[in-house]
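Read the structure below first, then the notes.
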Amino acid sequence: MYKILTKEPLNPTVTRMWIEAPLVAAKAKPGQFIILRVDADGERIPLTVAGTDPEKGAVCIIFQIVGATTEKLNHKEAGEYLQDFVGPLGVATKVDGLKNVCVVGGGVGCAIALPIAQELHRLGCKVTSIVGFRNKDLVILEDEFKAASDELIVMSDDGSYGRKGVVTVPLKEKLEAGEKFDEVITIGPVIMMKFVVATTKPFGIPCTVSMNPIMIDGTGMCGGCRLTLNVDGKKVTKFACVDGPDFNGYEVDFDEAMERGAMYKSFERHAYDEACNLFKQEVK
């Protein structure tokens, strides 16, 4: 059992928790993830490690309440326990040798982008962070990004905070102005990452994307998290859990990834509604 040390809402749909998990905290690196179960009857869900404190033996997770399990997880409070907390899994983001990087995050994907920006900053890399949200109420982790960035640009779709527009606008501006990033690292909705890749491609700058497809076991055995890459004109299958979650953005078949990611939307919505109704009945 894994104790919830703290719980904090970051916005109406996103929550941050610190979990007591000393072995995971001692090994986890930016870009890796864990798989947890809320209780013995719960499903296994992957969540990216959003931070670690090895001295306290604690791991940070940040999650959006979008399905039955995240709804159930959000009903847990500090002092309560999770059934399973397994990790670290996946391959850590490669940051060695980078001197000038643009980190592009969207929505809750900023929770994954932040520890990467922090690690790059710690290593002395120049970090430009571009983060985007739908509106002011959904902005998260702004202060943390400021501390880890040489420059932070906040975008909102409706213009209610920061600059109005999408993250590709300031990215394109910088590239057209001659900014020579060693790499662009982007994390967020698949459609956002697709357009970030399209923006960087004409400039020939390496672009890494963090993929989070449907995942079950996290060890490569189930095949649920498979992705199709186009490598040297050939289609190659990779698994996000063991080969990723980071991939060369120029190789990812984003359209297939989006199609597969939408396969269980109706099922997820039904499960979420059932979980909400169950909690409402428990409150009564």
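Just so we're on the same page: first chain in the structure tokens is A, next is B, and so on; residues restart at 1 for each chain, and ligands are numbered from 1 in the order they show up.
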
_Exercise: range 173-180 of chain A partners within 12 Å, only C-alpha atoms, chain neighbours under 4 positions left out, as a list in words_ =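 The residues satisfying every condition are Leu98, Lys99, Asn100, Val101, Cys102, Lys126, Thr128, Ser129, Ile130, Glu151, Ile153, Val167, Thr168, Val169, Val184, Val196, Thr199, Thr200, Lys201, Pro202, Phe203, Gly204, Ile205 and Pro206 of chain A.
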
*asked:* Residues near Asn135 in chain A, anyone? I mean within 8 Å using only C-alpha atoms, not counting same-chain ones fewer than 6 positions away, as number ranges by chain.
replied: A: 156-161

Selected residues written out, C-alpha atoms, as a PDB file, in the first residue's frame:
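Contents of out-v3.pdb, as written:
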```pdb
ATOM      1  CA  SER A 156      -4.596  30.681 -24.062  1.00  0.00           C
ATOM      2  CA  ASP A 157      -7.083  29.780 -26.789  1.00  0.00           C
ATOM      3  CA  ASP A 158      -9.508  32.544 -25.814  1.00  0.00           C
ATOM      4  CA  GLY A 159      -6.957  35.193 -24.836  1.00  0.00           C
ATOM      5  CA  SER A 160      -8.096  35.257 -21.203  1.00  0.00           C
ATOM      6  CA  TYR A 161      -4.500  34.794 -20.011  1.00  0.00           C
TER       7      TYR A 161
END
```

*Closest to Leu141 in chain A among A:Pro170, A:Gly105, A:Gly165, A:Pro46, using only C-alpha atoms?*
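That would be A:Gly105, the residue with the smallest distance to Leu141 in chain A.
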
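Within the 12 Å cut-off around Lys234 in chain A, using only C-alpha atoms and omitting residues fewer than 3 positions from it on the same chain, the listed residues are A:Thr228, A:Leu229, A:Asn230, A:Val231, A:Thr237, A:Glu251, A:Val252, A:Asp253.
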
*Leaving out range 10-18 of chain A and any residue of its chain fewer than 6 positions from it, which residues lie within 6 Å of it when counting only C-alpha atoms, given as a count of residues only?*
8

*Write out as a count of residues only all residues of range 109-225 of chain A that DSSP puts in helix (DSSP H, G or I) for this structure's backbone.*
47

*Between CA of Ser149 in chain A and CA of Arg122 in chain A, measure the distance and give it in Å to one decimal.*
10.2 Å

_Here is a test: counting only C-alpha atoms, which residue of A:Val103, A:Ile4, A:Ile140, A:Ile34 is nearest to Tyr81 in chain A?_
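That would be A:Ile4, the residue with the smallest distance to Tyr81 in chain A.
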
*Looking at A:Glu119, A:Asp232, A:Asp39, A:Glu77, which one is nearest to Lys94 in chain A, with distances taken over only C-alpha atoms?*
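Of the candidates, the smallest distance to Lys94 in chain A is held by A:Glu119.
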
*Could you write out, as a VMD selection string, all the residues of range 68-141 of chain A that DSSP marks as strand (DSSP E)?*
chain A and resid 81 to 82 84 to 89 100 to 106 126 to 133

For the residues in that selection, give me N, CA, C and O atoms as an mmCIF file, in the first residue's frame.
```cif
data_model
loop_
_atom_site.group_PDB
_atom_site.id
_atom_site.type_symbol
_atom_site.label_atom_id
_atom_site.label_comp_id
_atom_site.auth_asym_id
_atom_site.auth_seq_id
_atom_site.Cartn_x
_atom_site.Cartn_y
_atom_site.Cartn_z
ATOM 1 N N TYR A 81 -4.555 5.501 1.246
ATOM 2 C CA TYR A 81 -3.570 4.677 0.558
ATOM 3 C C TYR A 81 -4.044 4.240 -0.821
ATOM 4 O O TYR A 81 -5.253 4.091 -1.065
ATOM 5 N N LEU A 82 -3.058 4.015 -1.721
ATOM 6 C CA LEU A 82 -3.300 3.413 -3.018
ATOM 7 C C LEU A 82 -2.866 1.955 -2.965
ATOM 8 O O LEU A 82 -1.907 1.604 -2.263
ATOM 9 N N ASP A 84 -1.638 -0.083 -5.556
ATOM 10 C CA ASP A 84 -0.393 -0.350 -6.281
ATOM 11 C C ASP A 84 0.191 0.952 -6.815
ATOM 12 O O ASP A 84 -0.553 1.879 -7.180
ATOM 13 N N PHE A 85 1.515 0.982 -6.926
ATOM 14 C CA PHE A 85 2.215 2.151 -7.465
ATOM 15 C C PHE A 85 3.537 1.621 -8.020
ATOM 16 O O PHE A 85 4.545 1.553 -7.326
ATOM 17 N N VAL A 86 3.529 1.230 -9.289
ATOM 18 C CA VAL A 86 4.642 0.474 -9.873
ATOM 19 C C VAL A 86 5.456 1.342 -10.827
ATOM 20 O O VAL A 86 4.898 2.020 -11.695
ATOM 21 N N GLY A 87 6.757 1.305 -10.700
ATOM 22 C CA GLY A 87 7.609 2.072 -11.598
ATOM 23 C C GLY A 87 9.027 2.160 -11.051
ATOM 24 O O GLY A 87 9.344 1.535 -10.038
ATOM 25 N N PRO A 88 9.874 2.976 -11.684
ATOM 26 C CA PRO A 88 9.569 3.734 -12.892
ATOM 27 C C PRO A 88 9.575 2.863 -14.139
ATOM 28 O O PRO A 88 10.342 1.903 -14.234
ATOM 29 N N LEU A 89 8.707 3.198 -15.084
ATOM 30 C CA LEU A 89 8.577 2.479 -16.338
ATOM 31 C C LEU A 89 8.902 3.425 -17.488
ATOM 32 O O LEU A 89 8.850 4.634 -17.353
ATOM 33 N N ASN A 100 20.371 24.307 -25.783
ATOM 34 C CA ASN A 100 19.330 25.292 -26.076
ATOM 35 C C ASN A 100 18.085 24.539 -26.529
ATOM 36 O O ASN A 100 18.046 24.008 -27.655
ATOM 37 N N VAL A 101 17.073 24.462 -25.669
ATOM 38 C CA VAL A 101 15.904 23.619 -25.939
ATOM 39 C C VAL A 101 14.626 24.421 -25.751
ATOM 40 O O VAL A 101 14.517 25.254 -24.841
ATOM 41 N N CYS A 102 13.652 24.142 -26.598
ATOM 42 C CA CYS A 102 12.312 24.692 -26.431
ATOM 43 C C CYS A 102 11.396 23.571 -25.958
ATOM 44 O O CYS A 102 11.273 22.537 -26.630
ATOM 45 N N VAL A 103 10.777 23.766 -24.809
ATOM 46 C CA VAL A 103 9.831 22.796 -24.252
ATOM 47 C C VAL A 103 8.422 23.339 -24.483
ATOM 48 O O VAL A 103 8.101 24.445 -24.043
ATOM 49 N N VAL A 104 7.587 22.568 -25.186
ATOM 50 C CA VAL A 104 6.239 23.006 -25.533
ATOM 51 C C VAL A 104 5.231 22.079 -24.859
ATOM 52 O O VAL A 104 5.207 20.877 -25.132
ATOM 53 N N GLY A 105 4.419 22.638 -23.976
ATOM 54 C CA GLY A 105 3.430 21.843 -23.250
ATOM 55 C C GLY A 105 2.024 22.334 -23.507
ATOM 56 O O GLY A 105 1.800 23.534 -23.713
ATOM 57 N N GLY A 106 1.076 21.414 -23.483
ATOM 58 C CA GLY A 106 -0.315 21.782 -23.669
ATOM 59 C C GLY A 106 -1.209 21.147 -22.630
ATOM 60 O O GLY A 106 -1.145 19.933 -22.407
ATOM 61 N N LYS A 126 19.863 26.317 -21.779
ATOM 62 C CA LYS A 126 18.942 27.435 -21.977
ATOM 63 C C LYS A 126 17.568 26.849 -22.308
ATOM 64 O O LYS A 126 17.434 26.093 -23.275
ATOM 65 N N VAL A 127 16.569 27.200 -21.529
ATOM 66 C CA VAL A 127 15.233 26.621 -21.683
ATOM 67 C C VAL A 127 14.219 27.697 -22.039
ATOM 68 O O VAL A 127 14.048 28.677 -21.292
ATOM 69 N N THR A 128 13.580 27.518 -23.175
ATOM 70 C CA THR A 128 12.432 28.345 -23.545
ATOM 71 C C THR A 128 11.194 27.475 -23.407
ATOM 72 O O THR A 128 11.097 26.432 -24.054
ATOM 73 N N SER A 129 10.269 27.859 -22.554
ATOM 74 C CA SER A 129 9.053 27.082 -22.342
ATOM 75 C C SER A 129 7.860 27.811 -22.950
ATOM 76 O O SER A 129 7.657 29.008 -22.703
ATOM 77 N N ILE A 130 7.095 27.084 -23.747
ATOM 78 C CA ILE A 130 5.845 27.596 -24.307
ATOM 79 C C ILE A 130 4.736 26.674 -23.840
ATOM 80 O O ILE A 130 4.766 25.471 -24.119
ATOM 81 N N VAL A 131 3.794 27.222 -23.082
ATOM 82 C CA VAL A 131 2.712 26.394 -22.542
ATOM 83 C C VAL A 131 1.369 26.981 -22.957
ATOM 84 O O VAL A 131 1.191 28.194 -22.999
ATOM 85 N N GLY A 132 0.421 26.086 -23.257
ATOM 86 C CA GLY A 132 -0.872 26.547 -23.736
ATOM 87 C C GLY A 132 -2.030 25.902 -23.005
ATOM 88 O O GLY A 132 -1.971 24.737 -22.619
ATOM 89 N N PHE A 133 -3.086 26.687 -22.821
ATOM 90 C CA PHE A 133 -4.296 26.212 -22.134
ATOM 91 C C PHE A 133 -5.519 26.785 -22.857
ATOM 92 O O PHE A 133 -5.423 27.767 -23.585
#
```
